[in-house]
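Everything on this sheet refers to the single structure shown next.
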Amino acid sequence: MTSDQIFQLFAYLLPSIVTGAIAFYFFRMHTNNEEGRRRFLLHKDSQKDTLPIRLQAYERMALFLERIAIPSLVVRVAPKSQDKDAYENLLIKSIETEFDHNLTQQIYMTDECWNIIKAAKNATVQMIRKAAMSQSETADKLREDILNDTMEKASPSATALSFVKKEIGELW
């Protein structure tokens with residue numbers, strides 16, 4: 001083969017190589033675009049099905065946080081006797097039962113939100129236990145002490161509820 005023939009061979013091959021490379025580039029762009037479009041449509045369809053369920057989970061947890069707020073809890077759960085320890089246990093049992101009832105909602109919310117809700121529950125239980133260590137002797141006095149202790153402080157459930165509301169706003 002002479003150098004003229006080799007040059008002619010490259011002259012014929014160069015356009016086909018360039019055409020092949022451009023075709024490959026456009027084909028790859030097209031398949032990536034189609035994959036992204038399919039992923040978007042799948043996500044859109046799943047959002048249509050899961051969004052109502054997620055909103056319902058957030059709604060239930062908002063209700064839980066409202067129910068364990070100290071003022072509503074103390075009003076809703078009346079003492080059955082004058083024993084302050086029995087009333088303390090009754091309040092804590094009420095919170096734990098409410099929490100256990102909504103335990104499955106964690107599937108539909110972020111870990112951060114779930115951890116904040118758990119922290120609010122635990123902080124509420126601790127506030128009740130702290131108030132129970134006071135010098136109160138009856139359940140009614142304990143009820144009064146719990147309310148007085150929490151009047152000056154921000155409620156843990158209110159803080160968690162504001163976070164839940166913020167997270168719901170991010171769903172849109």
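As shown in the structure tokens, the chain order sets the letters A, B, ...; within each chain, residues go from 1, and ligands are also counted from 1 in the order they appear.
Near Leu55 in chain A, within 12 Å and counting only C-alpha atoms, sit A:Gln47, A:Lys48, A:Asp49, A:Thr50, A:Leu51, A:Pro52, A:Tyr58, A:Glu59, A:Arg60, A:Met61, A:Ala62, A:Gln105, A:Tyr108, A:Met109, A:Val164, A:Lys165, A:Glu167, A:Ile168, A:Gly169, A:Glu170, A:Leu171, A:Trp172; same-chain residues fewer than 3 positions away were not included.
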(request) Could you give me, as a ChimeraX atom specification, the residues within 12 Å of Ala154 in chain A, counting only C-alpha atoms and dropping anything in the same chain fewer than 4 positions from it? (result) /A:69-71,120,123-124,127,149-150,158-162
(request) Can you pull out every residue within 12 Å of Glu144 in chain A, counting only C-alpha atoms, but drop anything in the same chain fewer than 4 positions away, and send it as an NGL selection string? (result) :A and (70-71 or 74-75 or 78-79 or 84 or 128 or 131-132 or 134-140 or 148-151)
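Using only C-alpha atoms, the nearest neighbour of Cys113 in chain A within the list A:Phe99, A:Lys166, A:Leu90, A:Asp83 is A:Lys166.
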(request) Would you list, as an MDAnalysis selection string, the residues of range 7-157 of chain A that end up in alpha helix (DSSP H) under DSSP run on this structure's backbone? (result) chainID A and resid 7:68 70:76 84:101 111:132 139:151 156:157
